[in-house]
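Below is final32.cif, holding mmCIF, C-alpha atoms and all ligand atoms.
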```cif
data_work
loop_
_atom_site.label_atom_id
_atom_site.label_comp_id
_atom_site.auth_asym_id
_atom_site.auth_seq_id
_atom_site.Cartn_x
_atom_site.Cartn_y
_atom_site.Cartn_z
CA MET A 1 85.55 101.70 164.13
CA THR A 2 83.13 102.40 166.92
CA LYS A 3 79.48 101.88 166.11
CA THR A 4 76.67 103.18 168.21
CA PRO A 5 74.50 100.39 169.55
CA THR A 6 70.99 100.15 168.25
CA ILE A 7 68.83 102.37 170.42
CA LEU A 8 65.35 101.09 170.83
CA LYS A 9 62.53 102.56 172.73
CA GLN A 10 61.91 100.70 175.95
CA GLN A 11 58.40 99.71 175.00
CA GLU A 12 59.42 98.38 171.63
CA THR A 13 62.20 96.29 173.06
CA ALA A 14 60.07 95.02 175.88
CA ALA A 15 57.57 93.84 173.31
CA ARG A 16 60.26 92.25 171.19
CA THR A 17 61.88 90.57 174.13
CA GLU A 18 58.49 89.27 174.99
CA GLU A 19 58.50 87.47 171.69
CA GLU A 20 62.14 86.54 171.81
CA PRO A 21 62.28 86.99 174.52
CA PRO A 22 86.95 90.44 215.24
CA GLY A 23 85.74 87.12 216.26
CA ARG A 24 82.05 86.69 216.00
CA THR A 25 81.17 90.35 215.70
CA PHE A 26 77.57 91.07 214.79
CA MET A 27 76.78 94.37 213.18
CA GLY A 28 73.51 96.05 212.50
CA SER A 29 70.19 94.44 213.10
CA GLU A 30 70.16 90.88 214.40
CA ALA A 31 66.44 90.42 213.85
CA GLU A 32 65.46 86.88 212.94
CA GLU A 33 64.71 86.47 209.26
CA GLU A 34 61.64 84.72 207.98
CA PRO A 35 62.18 81.23 206.60
CA PRO A 36 62.91 81.26 202.86
CA GLY A 37 59.80 81.24 200.76
CA THR A 38 57.34 82.41 203.38
CA THR A 39 57.20 86.01 202.27
CA ALA A 40 56.99 85.11 198.61
CA VAL A 41 53.87 83.07 199.13
CA THR A 42 52.26 85.61 201.45
CA CYS A 43 52.81 88.62 199.21
CA ARG A 44 51.96 86.80 196.04
CA ASN A 45 48.60 86.14 197.60
CA LYS A 46 48.34 89.75 198.68
CA PHE A 47 49.26 91.36 195.36
CA PHE A 48 48.76 88.79 192.66
CA SER A 49 46.23 86.23 193.83
CA HIS A 50 44.07 87.04 190.80
CA ILE A 51 46.83 86.07 188.36
CA PRO A 52 46.25 82.58 186.92
CA GLU A 53 48.94 80.05 187.73
CA ARG A 54 49.67 79.70 184.01
CA ASP A 55 50.63 83.39 183.78
CA TRP A 56 52.49 83.42 187.08
CA ASN A 57 54.67 80.56 185.85
CA ASN A 58 55.31 82.26 182.51
CA TRP A 59 58.43 84.42 182.47
CA LYS A 60 57.14 86.45 179.53
CA TRP A 61 54.09 87.47 181.57
CA HIS A 62 56.37 88.72 184.37
CA PHE A 63 58.59 90.52 181.90
CA GLN A 64 55.64 92.23 180.26
CA HIS A 65 54.17 93.25 183.62
CA ARG A 66 57.29 94.80 185.12
CA ILE A 67 56.55 97.81 187.32
CA THR A 68 58.26 100.78 185.71
CA THR A 69 56.41 103.86 186.99
CA ILE A 70 55.92 105.34 190.44
CA ASP A 71 52.16 105.45 189.87
CA GLU A 72 52.12 101.68 189.37
CA LEU A 73 54.45 101.13 192.29
CA ALA A 74 52.19 103.14 194.60
CA LYS A 75 49.41 100.61 193.98
CA PHE A 76 51.50 98.02 195.85
CA ILE A 77 53.74 99.99 198.22
CA PRO A 78 52.39 102.80 200.43
CA LEU A 79 54.12 105.99 199.27
CA SER A 80 53.19 109.51 200.37
CA THR A 81 52.61 112.18 197.70
CA LYS A 82 55.93 113.75 198.66
CA GLU A 83 57.74 110.41 198.35
CA GLN A 84 56.17 109.84 194.96
CA ALA A 85 57.34 113.26 193.80
CA TYR A 86 60.89 112.54 194.98
CA LEU A 87 60.96 109.10 193.40
CA ASN A 88 59.67 110.49 190.13
CA LEU A 89 62.72 112.75 190.14
CA VAL A 90 65.04 109.84 190.83
CA ILE A 91 63.72 107.72 187.98
CA THR A 92 64.33 110.45 185.43
CA LYS A 93 68.01 109.71 186.05
CA TYR A 94 67.89 106.09 187.18
CA PRO A 95 64.80 104.27 185.86
CA LEU A 96 62.67 101.76 187.72
CA SER A 97 61.93 98.15 186.78
CA ILE A 98 60.68 95.43 189.15
CA THR A 99 59.29 92.06 188.18
CA PRO A 100 56.06 90.93 189.83
CA HIS A 101 57.97 87.96 191.25
CA TYR A 102 60.49 90.21 193.01
CA LEU A 103 57.81 92.66 194.10
CA SER A 104 55.99 89.77 195.76
CA LEU A 105 59.01 89.27 198.03
CA ILE A 106 58.77 92.80 199.47
CA ASP A 107 57.08 93.50 202.78
CA PRO A 108 55.11 96.60 201.71
CA CYS A 109 54.75 97.84 205.29
CA ASP A 110 58.48 97.86 206.08
CA PRO A 111 60.44 100.81 204.66
CA GLU A 112 63.65 99.04 205.74
CA ASP A 113 62.79 95.80 204.00
CA PRO A 114 66.03 94.42 202.47
CA ILE A 115 64.29 93.32 199.27
CA ARG A 116 62.62 96.70 198.85
CA LYS A 117 65.93 98.53 199.21
CA GLN A 118 67.40 96.64 196.26
CA ALA A 119 64.47 97.37 193.98
CA ILE A 120 62.74 100.63 194.94
CA PRO A 121 64.52 103.90 194.18
CA ASP A 122 65.83 106.10 196.97
CA PHE A 123 66.16 109.87 196.83
CA LYS A 124 69.76 109.49 198.03
CA GLU A 125 70.60 108.11 194.58
CA ILE A 126 70.48 111.66 193.27
CA ALA A 127 71.08 113.55 196.53
CA LEU A 128 74.52 111.88 196.87
CA ALA A 129 75.20 111.80 193.14
CA GLY A 130 78.32 113.93 193.65
CA MET A 131 80.01 110.93 195.22
CA GLY A 132 81.47 108.17 193.11
CA ARG A 133 82.04 107.82 189.41
CA GLU A 134 79.95 106.74 186.46
CA ASP A 135 82.37 104.05 185.34
CA PRO A 136 84.78 103.40 188.21
CA LEU A 137 86.04 100.14 186.71
CA GLU A 138 86.95 101.94 183.46
CA GLU A 139 85.09 99.41 181.36
CA LYS A 140 84.70 101.86 178.52
CA ARG A 141 88.44 102.42 178.39
CA ASP A 142 89.11 98.67 178.31
CA SER A 143 86.55 97.98 175.55
CA VAL A 144 88.32 96.61 172.51
CA VAL A 145 85.19 96.70 170.35
CA PRO A 146 81.78 98.01 171.48
CA GLY A 147 80.42 95.68 174.15
CA LEU A 148 83.63 93.66 174.63
CA VAL A 149 85.92 94.39 177.59
CA HIS A 150 89.38 92.79 177.53
CA ARG A 151 91.18 93.44 180.81
CA TYR A 152 92.69 90.18 182.03
CA PRO A 153 95.00 88.17 179.74
CA ASP A 154 92.82 85.07 179.31
CA ARG A 155 89.26 86.30 179.55
CA VAL A 156 86.85 88.83 178.08
CA LEU A 157 83.50 90.30 179.09
CA MET A 158 80.70 90.48 176.51
CA VAL A 159 77.76 92.81 177.15
CA LEU A 160 74.98 92.08 174.65
CA THR A 161 72.30 94.43 175.99
CA ASN A 162 71.66 96.94 178.75
CA LEU A 163 68.25 95.45 179.50
CA CYS A 164 67.59 93.73 182.85
CA PRO A 165 64.26 92.47 184.19
CA MET A 166 64.92 94.32 187.42
CA LEU A 167 67.07 97.41 187.76
CA CYS A 168 69.05 96.81 190.96
CA ARG A 169 69.62 100.07 192.79
CA HIS A 170 73.24 99.10 193.54
CA CYS A 171 74.14 98.21 189.94
CA THR A 172 77.71 98.95 188.83
CA ARG A 173 76.47 99.69 185.31
CA LYS A 174 73.74 102.20 186.22
CA ARG A 175 75.35 104.52 183.70
CA GLU A 176 73.92 102.28 180.98
CA TRP A 177 70.29 102.78 182.01
CA ARG A 178 69.78 106.31 180.85
CA HIS A 179 69.74 106.37 177.09
CA GLY A 180 66.98 103.93 176.28
CA VAL A 181 67.26 100.19 175.91
CA TRP A 182 69.76 98.75 173.47
CA VAL A 183 70.63 95.34 172.15
CA ARG A 184 73.83 94.77 170.18
CA THR A 185 73.25 94.41 166.47
CA PRO A 186 74.31 91.22 164.64
CA ALA A 187 77.20 93.20 163.10
CA GLU A 188 78.36 94.35 166.54
CA ILE A 189 78.19 90.80 167.88
CA GLU A 190 80.15 89.57 164.88
CA ALA A 191 82.85 92.17 165.62
CA MET A 192 83.12 90.85 169.18
CA LEU A 193 83.35 87.26 167.98
CA ASP A 194 85.95 88.24 165.44
CA TYR A 195 88.12 89.80 168.13
CA ILE A 196 87.87 86.62 170.20
CA ARG A 197 88.69 84.44 167.20
CA LYS A 198 91.84 86.46 166.55
CA ASN A 199 92.99 86.56 170.17
CA LYS A 200 94.05 83.04 171.02
CA THR A 201 94.88 83.86 174.64
CA VAL A 202 91.14 84.22 175.36
CA ARG A 203 90.06 80.94 176.93
CA ASP A 204 87.19 82.24 179.09
CA VAL A 205 84.27 84.38 177.86
CA VAL A 206 81.95 86.03 180.38
CA ILE A 207 78.57 87.19 179.06
CA SER A 208 77.09 89.49 181.66
CA GLY A 209 74.76 92.34 182.53
CA GLY A 210 72.69 93.92 181.16
CA ASP A 211 71.22 90.53 181.67
CA PRO A 212 71.93 88.22 178.69
CA LEU A 213 68.89 86.07 179.49
CA THR A 214 66.62 88.96 178.45
CA LEU A 215 67.51 87.88 174.91
CA SER A 216 65.36 85.18 173.44
CA THR A 217 66.70 81.65 173.80
CA GLN A 218 67.21 81.57 170.01
CA ARG A 219 69.25 84.79 169.94
CA LEU A 220 71.37 83.67 172.85
CA GLU A 221 71.94 80.32 171.16
CA ALA A 222 73.17 82.09 168.04
CA VAL A 223 75.94 83.69 170.11
CA LEU A 224 76.79 80.60 172.18
CA SER A 225 76.99 78.30 169.16
CA LYS A 226 79.47 80.64 167.46
CA LEU A 227 81.55 80.99 170.61
CA ARG A 228 81.65 77.22 170.98
CA LYS A 229 83.12 76.90 167.50
CA ILE A 230 86.19 78.91 168.56
CA PRO A 231 88.74 76.23 169.56
CA HIS A 232 90.60 78.29 172.19
CA VAL A 233 87.42 79.30 174.08
CA GLU A 234 87.43 76.72 176.86
CA ILE A 235 84.67 77.96 179.10
CA ILE A 236 81.71 80.32 178.82
CA ARG A 237 80.30 82.04 181.88
CA ILE A 238 76.89 83.67 182.03
CA GLY A 239 76.20 86.36 184.61
CA THR A 240 72.48 86.63 185.28
CA ARG A 241 70.11 87.66 188.05
CA PHE A 242 67.13 85.85 186.50
CA PRO A 243 67.21 82.94 189.00
CA VAL A 244 66.59 85.57 191.71
CA VAL A 245 64.33 88.19 190.15
CA LEU A 246 62.48 86.15 187.53
CA PRO A 247 63.23 82.46 188.11
CA GLN A 248 60.46 81.39 185.74
CA ARG A 249 62.88 82.28 182.90
CA ILE A 250 64.94 79.17 183.69
CA ASP A 251 62.65 76.86 181.78
CA ASP A 252 63.27 73.57 179.99
CA GLU A 253 63.77 75.25 176.62
CA LEU A 254 66.57 77.44 177.99
CA CYS A 255 68.23 74.63 179.95
CA ASN A 256 68.14 72.25 176.98
CA MET A 257 69.73 74.89 174.80
CA LEU A 258 72.46 75.75 177.34
CA SER A 259 73.30 72.09 177.90
CA LYS A 260 74.43 71.84 174.25
CA TYR A 261 77.22 74.38 174.61
CA GLY A 262 78.99 73.41 177.82
CA PRO A 263 81.11 73.85 179.71
CA ILE A 264 78.95 76.80 180.71
CA TRP A 265 79.18 78.17 184.24
CA LEU A 266 76.41 80.40 185.52
CA ASN A 267 77.02 83.12 188.10
CA THR A 268 73.93 84.51 189.73
CA HIS A 269 73.32 87.23 192.30
CA PHE A 270 71.43 86.43 195.50
CA ASN A 271 71.97 89.12 198.14
CA HIS A 272 69.58 88.14 200.90
CA PRO A 273 68.26 84.84 202.29
CA ARG A 274 64.66 85.89 201.59
CA GLU A 275 65.44 85.81 197.89
CA ILE A 276 65.83 82.05 198.16
CA THR A 277 62.31 80.94 197.31
CA PRO A 278 60.86 77.66 196.06
CA GLN A 279 60.87 79.15 192.55
CA SER A 280 64.50 80.28 192.68
CA ALA A 281 65.55 76.93 194.17
CA GLN A 282 63.78 75.16 191.31
CA ALA A 283 65.49 77.39 188.74
CA CYS A 284 68.93 76.57 190.15
CA ASP A 285 68.07 72.88 190.34
CA ARG A 286 67.08 72.88 186.66
CA LEU A 287 70.37 74.47 185.68
CA LEU A 288 72.38 72.03 187.77
CA ARG A 289 70.54 69.04 186.29
CA SER A 290 71.42 70.41 182.85
CA GLY A 291 75.10 70.28 183.71
CA ILE A 292 75.51 73.98 184.47
CA PRO A 293 77.28 74.72 187.77
CA VAL A 294 75.74 77.71 189.59
CA ASN A 295 77.82 80.09 191.71
CA ASN A 296 76.70 83.18 193.55
CA GLN A 297 78.21 86.66 193.48
CA SER A 298 76.63 88.94 196.05
CA VAL A 299 77.28 92.58 196.80
CA LEU A 300 77.71 93.79 200.35
CA LEU A 301 74.95 96.34 200.88
CA ARG A 302 74.31 98.66 203.80
CA GLY A 303 71.17 97.79 205.73
CA ILE A 304 70.50 94.83 203.43
CA ASN A 305 73.03 92.09 204.06
CA ASP A 306 75.80 93.72 206.11
CA THR A 307 75.67 91.44 209.14
CA VAL A 308 77.27 88.14 209.98
CA ALA A 309 73.84 86.65 210.68
CA THR A 310 72.39 87.61 207.30
CA GLN A 311 75.43 86.54 205.31
CA THR A 312 75.61 83.23 207.17
CA LYS A 313 71.96 82.56 206.56
CA LEU A 314 72.28 83.55 202.90
CA CYS A 315 75.32 81.37 202.26
CA GLN A 316 74.01 78.37 204.17
CA GLY A 317 70.72 78.74 202.29
CA LEU A 318 72.62 78.79 198.99
CA LEU A 319 74.41 75.57 199.84
CA LYS A 320 71.04 73.99 200.58
CA ILE A 321 70.00 74.74 197.00
CA LYS A 322 73.44 73.56 195.78
CA VAL A 323 74.66 77.02 194.79
CA ARG A 324 78.22 77.82 195.80
CA PRO A 325 78.85 81.23 197.43
CA TYR A 326 81.68 82.49 195.23
CA TYR A 327 82.27 86.22 195.71
CA LEU A 328 81.09 88.84 198.16
CA PHE A 329 81.83 92.16 196.48
CA GLN A 330 82.66 95.39 198.24
CA GLY A 331 80.32 97.96 196.63
CA ASP A 332 82.04 99.75 193.76
CA GLU A 333 82.43 103.52 193.79
CA VAL A 334 79.43 103.98 191.51
CA GLN A 335 77.50 107.22 191.33
CA GLY A 336 74.01 106.82 192.75
CA THR A 337 74.90 103.94 195.07
CA GLU A 338 76.79 105.65 197.90
CA HIS A 339 73.96 105.16 200.41
CA LEU A 340 74.23 101.39 199.94
CA ARG A 341 78.00 101.11 200.30
CA THR A 342 79.64 99.81 203.47
CA PRO A 343 83.13 100.37 204.89
CA VAL A 344 85.62 97.68 203.82
CA GLU A 345 86.05 96.75 207.50
CA THR A 346 82.44 95.53 207.54
CA GLY A 347 83.19 92.88 204.92
CA ILE A 348 86.36 91.75 206.70
CA LYS A 349 84.49 91.40 209.99
CA ILE A 350 81.71 89.45 208.31
CA ILE A 351 84.17 86.94 206.84
CA GLU A 352 85.92 86.74 210.20
CA GLY A 353 82.60 86.16 211.93
CA MET A 354 81.73 83.32 209.57
CA ARG A 355 85.08 81.52 209.47
CA GLY A 356 85.08 78.58 211.85
CA TYR A 357 81.38 78.90 212.62
CA THR A 358 80.25 77.43 209.34
CA SER A 359 81.77 75.29 206.60
CA GLY A 360 84.44 76.91 204.44
CA LEU A 361 82.23 75.98 201.50
CA ALA A 362 79.72 78.55 202.73
CA ILE A 363 82.26 81.38 202.92
CA PRO A 364 82.61 83.54 199.80
CA THR A 365 85.79 85.37 198.90
CA PHE A 366 85.41 89.02 199.86
CA VAL A 367 86.78 91.09 196.98
CA ILE A 368 87.29 94.65 195.92
CA ASP A 369 87.07 95.32 192.20
CA LEU A 370 89.72 98.01 192.04
CA PRO A 371 88.96 101.36 190.46
CA ASP A 372 90.63 102.32 187.19
CA GLY A 373 90.42 98.75 185.93
CA GLY A 374 92.88 97.38 188.49
CA GLY A 375 90.96 94.10 188.68
CA LYS A 376 89.60 92.08 191.59
CA ILE A 377 91.64 91.50 194.72
CA PRO A 378 90.68 89.33 197.72
CA ILE A 379 90.52 91.03 201.11
CA GLN A 380 90.73 88.69 204.09
CA PRO A 381 91.09 88.85 207.87
CA ASP A 382 94.71 88.38 208.92
CA TYR A 383 95.31 85.27 210.99
CA VAL A 384 99.12 85.67 211.06
CA MET A 385 99.99 87.53 214.27
CA SER A 386 103.76 87.50 213.89
CA GLN A 387 106.74 85.58 212.56
CA ILE A 388 109.62 84.30 214.70
CA GLY A 389 112.44 83.33 212.40
CA LYS A 390 110.69 81.12 209.89
CA ASP A 391 107.95 80.05 212.26
CA LEU A 392 104.57 81.71 212.49
CA ILE A 393 102.40 82.82 215.37
CA LEU A 394 98.80 82.31 214.25
CA ARG A 395 95.40 82.87 215.77
CA ASN A 396 92.32 80.78 215.12
CA TYR A 397 88.67 81.82 214.74
CA GLN A 398 88.23 81.78 218.54
CA GLY A 399 91.21 84.07 219.10
CA ASN A 400 93.44 81.28 220.49
CA VAL A 401 97.14 81.62 219.64
CA PHE A 402 99.22 78.85 218.02
CA HIS A 403 102.88 78.38 217.15
CA PHE A 404 103.25 76.89 213.68
CA ARG A 405 106.53 75.30 212.57
CA ASN A 406 107.00 76.41 209.00
CA PRO A 407 108.52 73.67 206.83
CA VAL A 408 111.75 74.58 205.12
CA GLY A 409 111.55 75.06 201.36
CA LEU A 410 112.81 72.15 199.24
CA SER A 411 115.25 74.28 197.26
CA GLN A 412 117.00 75.18 200.50
CA THR A 413 117.26 71.56 201.68
CA ARG A 414 118.81 70.41 198.42
CA SER A 415 122.04 72.39 198.81
CA VAL A 416 124.34 70.90 201.41
CA ARG A 417 125.03 73.30 204.21
CA ARG A 418 127.41 72.68 207.09
CA ASN A 419 126.84 73.62 210.72
CA GLY A 420 129.49 74.99 213.14
CA ASN A 421 130.93 71.46 213.64
CA GLY A 422 131.42 70.98 209.93
CA LYS A 423 128.59 68.44 209.85
CA ARG A 424 125.69 68.53 207.44
CA ALA A 425 123.17 71.03 208.83
CA ASN A 426 119.61 69.96 209.48
CA PRO A 427 116.98 71.90 207.47
CA LEU A 428 116.20 74.41 210.21
CA GLN A 429 119.90 75.04 210.85
CA ALA A 430 120.38 75.44 207.12
CA GLN A 431 117.73 78.14 207.13
CA LEU A 432 119.53 80.02 209.87
CA LEU A 433 123.01 79.70 208.41
S1 LIG A 501 70.91 92.35 187.12
FE1 LIG A 501 73.05 92.95 187.25
S2 LIG A 501 73.39 94.30 185.47
FE2 LIG A 501 71.17 94.14 185.79
S3 LIG A 501 70.64 95.88 187.07
FE3 LIG A 501 70.99 94.13 188.45
S4 LIG A 501 73.16 94.32 189.04
FE4 LIG A 501 72.85 95.61 187.20
#
```
Final structure tokens representation of the file:
Amino acid sequence: MTKTPTILKQQETAARTEEEPPGRTFMGSEAEEEPPGTTAVTCRNKFFSHIPERDWNNWKWHFQHRITTIDELAKFIPLSTKEQAYLNLVITKYPLSITPHYLSLIDPCDPEDPIRKQAIPDFKEIALAGMGREDPLEEKRDSVVPGLVHRYPDRVLMVLTNLCPMLCRHCTRKREWRHGVWVRTPAEIEAMLDYIRKNKTVRDVVISGGDPLTLSTQRLEAVLSKLRKIPHVEIIRIGTRFPVVLPQRIDDELCNMLSKYGPIWLNTHFNHPREITPQSAQACDRLLRSGIPVNNQSVLLRGINDTVATQTKLCQGLLKIKVRPYYLFQGDEVQGTEHLRTPVETGIKIIEGMRGYTSGLAIPTFVIDLPDGGGKIPIQPDYVMSQIGKDLILRNYQGNVFHFRNPVGLSQTRSVRRNGNGKRANPLQAQLL
């Protein structure tokens, strides 16, 4: 039976969470980025120099002081009266939430700033609202109990809350922002766990956004400890943007708790090299030292990270902080995000422009999460130019052409085949016979 999640007023929940708390093709701008960390320090001084270090390093302070109104935002970012009026309209449909940490990364004087575009609403979110769908991945359809999506045979997705410290303008689950903040009740969580207990094919549980780390460490531990008691659950994955938007959350208490319930893998969401700051690097380092591998899933976003230069710098920067670039997502067909979506060709050209010029370890898999719950598929540049018989004509990253002798399959070499002279055929002859 479907139960409605507990609806809490945003303020109440915020308070409670506080307690619990082709070739090398370059596209777009090629402007040099600032070195990681520089902007964070500069803008922290500009906006928040009066905040004591103790508060600045306290994630609960950041959470409590999220910027959620246009009036507050206008104190930091120059906005005309007309812009403020437009943005007030936007946030009636798609609310605003920015942490002071993330705000400190924004260049307030640059309307095209890639950090700003991820955090500050845009009138196009409602102007282009006719394009896209609320739930293109059909997560509601594939929910087996409220909050639990079972699409692939061996894994499930648990969504424990719709609350995130920052509301990313490109979010696939923007549909969840509108009806107040909710956190799954203990009974709802028990129903999810019960489903997993009964379904022995589930070996991988993903707990993802709304951001699960908005729950208090104790509440999260209550879920993880029960999951860990289910023998067929081999791995737990946590999807969180905290290391990027509020890295102070990754404290010793959290890491000590997580380290008890491994193997836990953590997927985070850096989209731009300027998000890699000393604080975010420290957060990832803490997780890694606690035995939690950290991977990155970024979304390809127009005017934000849609160039070879930016993606290369992002992925190389991630490797420097020991985070593996895992996926680069094509933007989903989500209502209110059309202005940030790029053509699929852009992603293919970015991967093509990276391959060969940097380590394969730095190259994420470019994927489309198919509409209607079709699942994720990798999209790659094609390096096979043609096939002659069994052999392949391939091109490399520089566009040079190579003939590749394709080994004959073992099953074909096992059966004895005879050539025109009645002698045993060699493997290539056998293929052609
Ligand atoms: S952190 Fe993830 S779930 Fe939350 S708003 Fe950003 S993209 Fe959406």
Practice prompt. Excluding Cys284 in chain A and residues on its chain fewer than 2 positions from it, collect all residues at most 9 Å away from it, counting all atoms listed in the file, and give them as number ranges by chain.
Written response: A: 243, 247, 250, 279-282, 286-289, 293-294, 321-323
Residues just named, written with C-alpha atoms as a PDB file, in the frame of the given file:
```
ATOM      1  CA  PRO A 243      67.210  82.940 189.000  1.00  0.00           C
ATOM      2  CA  PRO A 247      63.230  82.460 188.110  1.00  0.00           C
ATOM      3  CA  ILE A 250      64.940  79.170 183.690  1.00  0.00           C
ATOM      4  CA  GLN A 279      60.870  79.150 192.550  1.00  0.00           C
ATOM      5  CA  SER A 280      64.500  80.280 192.680  1.00  0.00           C
ATOM      6  CA  ALA A 281      65.550  76.930 194.170  1.00  0.00           C
ATOM      7  CA  GLN A 282      63.780  75.160 191.310  1.00  0.00           C
ATOM      8  CA  ARG A 286      67.080  72.880 186.660  1.00  0.00           C
ATOM      9  CA  LEU A 287      70.370  74.470 185.680  1.00  0.00           C
ATOM     10  CA  LEU A 288      72.380  72.030 187.770  1.00  0.00           C
ATOM     11  CA  ARG A 289      70.540  69.040 186.290  1.00  0.00           C
ATOM     12  CA  PRO A 293      77.280  74.720 187.770  1.00  0.00           C
ATOM     13  CA  VAL A 294      75.740  77.710 189.590  1.00  0.00           C
ATOM     14  CA  ILE A 321      70.000  74.740 197.000  1.00  0.00           C
ATOM     15  CA  LYS A 322      73.440  73.560 195.780  1.00  0.00           C
ATOM     16  CA  VAL A 323      74.660  77.020 194.790  1.00  0.00           C
TER      17      VAL A 323
END
```
Discussion item. Around ligand LIG 501 (chain A), which protein and nucleic acid residues have at least one atom no more than 10 Å from it, if we count all atoms listed in the file? List them as a PyMOL selection string.
Written reply: chain A and resi 96-97+118-119+159+161-177+208-212+239-242+244-245+268-269+298-299
Go ahead and save the picked residues with C-alpha atoms, as a short mmCIF file (atom, residue, chain, number, x, y, z; two decimals), keeping the file's coordinate frame.
```cif
data_model
loop_
_atom_site.label_atom_id
_atom_site.label_comp_id
_atom_site.auth_asym_id
_atom_site.auth_seq_id
_atom_site.Cartn_x
_atom_site.Cartn_y
_atom_site.Cartn_z
CA LEU A 96 62.67 101.76 187.72
CA SER A 97 61.93 98.15 186.78
CA GLN A 118 67.40 96.64 196.26
CA ALA A 119 64.47 97.37 193.98
CA VAL A 159 77.76 92.81 177.15
CA THR A 161 72.30 94.43 175.99
CA ASN A 162 71.66 96.94 178.75
CA LEU A 163 68.25 95.45 179.50
CA CYS A 164 67.59 93.73 182.85
CA PRO A 165 64.26 92.47 184.19
CA MET A 166 64.92 94.32 187.42
CA LEU A 167 67.07 97.41 187.76
CA CYS A 168 69.05 96.81 190.96
CA ARG A 169 69.62 100.07 192.79
CA HIS A 170 73.24 99.10 193.54
CA CYS A 171 74.14 98.21 189.94
CA THR A 172 77.71 98.95 188.83
CA ARG A 173 76.47 99.69 185.31
CA LYS A 174 73.74 102.20 186.22
CA ARG A 175 75.35 104.52 183.70
CA GLU A 176 73.92 102.28 180.98
CA TRP A 177 70.29 102.78 182.01
CA SER A 208 77.09 89.49 181.66
CA GLY A 209 74.76 92.34 182.53
CA GLY A 210 72.69 93.92 181.16
CA ASP A 211 71.22 90.53 181.67
CA PRO A 212 71.93 88.22 178.69
CA GLY A 239 76.20 86.36 184.61
CA THR A 240 72.48 86.63 185.28
CA ARG A 241 70.11 87.66 188.05
CA PHE A 242 67.13 85.85 186.50
CA VAL A 244 66.59 85.57 191.71
CA VAL A 245 64.33 88.19 190.15
CA THR A 268 73.93 84.51 189.73
CA HIS A 269 73.32 87.23 192.30
CA SER A 298 76.63 88.94 196.05
CA VAL A 299 77.28 92.58 196.80
#
```
Worksheet entry | Residue contacts of range 115-117 of chain A (10 Å, only C-alpha atoms) excluding same-chain residues fewer than 4 positions away, as a list in words |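 Residues meeting the cut-off are Ile77, Ile98, Tyr102, Leu103, Ser104, Leu105, Ile106, Asp107, Pro108, Asp110, Pro111, Pro121, Asp122, Cys168, Arg169, His170, Asn271, His272, Pro273, Arg274, Glu275, Leu301, Arg302, Gly303, Ile304 and Leu340 of chain A.
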Practice prompt. Name the residues within 12 Å of (77.8, 92.2, 206.0), counting only C-alpha atoms in the file's coordinates, and put them as an MDAnalysis selection string.
Written response: chainID A and resid 25:30 271:272 298:315 328:331 340:354 364 366
Fill in: Distance of CA of Lys200 in chain A from CA of Ile230 in chain A, expressed in Å to one decimal place
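Computed distance, CA of Ile230 in chain A to CA of Lys200 in chain A, equals 9.2 Å.
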Selected range 64-86 of chain A, written as a PDB file, in the first residue's frame, C-alpha atoms:
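Resulting contents of out25.pdb:
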```
ATOM      1  CA  GLN A  64      21.399  26.668   8.682  1.00  0.00           C
ATOM      2  CA  HIS A  65      22.621  29.658   6.674  1.00  0.00           C
ATOM      3  CA  ARG A  66      21.659  28.422   3.224  1.00  0.00           C
ATOM      4  CA  ILE A  67      20.487  31.200   0.913  1.00  0.00           C
ATOM      5  CA  THR A  68      16.889  30.436   0.017  1.00  0.00           C
ATOM      6  CA  THR A  69      15.345  33.767  -1.021  1.00  0.00           C
ATOM      7  CA  ILE A  70      16.085  36.196  -3.826  1.00  0.00           C
ATOM      8  CA  ASP A  71      16.286  39.051  -1.306  1.00  0.00           C
ATOM      9  CA  GLU A  72      19.133  37.268   0.486  1.00  0.00           C
ATOM     10  CA  LEU A  73      20.794  36.341  -2.783  1.00  0.00           C
ATOM     11  CA  ALA A  74      20.753  39.964  -3.934  1.00  0.00           C
ATOM     12  CA  LYS A  75      22.955  40.875  -0.963  1.00  0.00           C
ATOM     13  CA  PHE A  76      25.759  38.844  -2.555  1.00  0.00           C
ATOM     14  CA  ILE A  77      25.071  38.848  -6.300  1.00  0.00           C
ATOM     15  CA  PRO A  78      24.174  42.034  -8.207  1.00  0.00           C
ATOM     16  CA  LEU A  79      20.630  41.536  -9.523  1.00  0.00           C
ATOM     17  CA  SER A  80      18.471  44.233 -11.111  1.00  0.00           C
ATOM     18  CA  THR A  81      14.925  44.753  -9.818  1.00  0.00           C
ATOM     19  CA  LYS A  82      13.615  43.139 -12.989  1.00  0.00           C
ATOM     20  CA  GLU A  83      15.906  40.129 -12.549  1.00  0.00           C
ATOM     21  CA  GLN A  84      14.787  39.765  -8.957  1.00  0.00           C
ATOM     22  CA  ALA A  85      11.149  39.811 -10.042  1.00  0.00           C
ATOM     23  CA  TYR A  86      11.813  37.118 -12.664  1.00  0.00           C
TER      24      TYR A  86
END
```
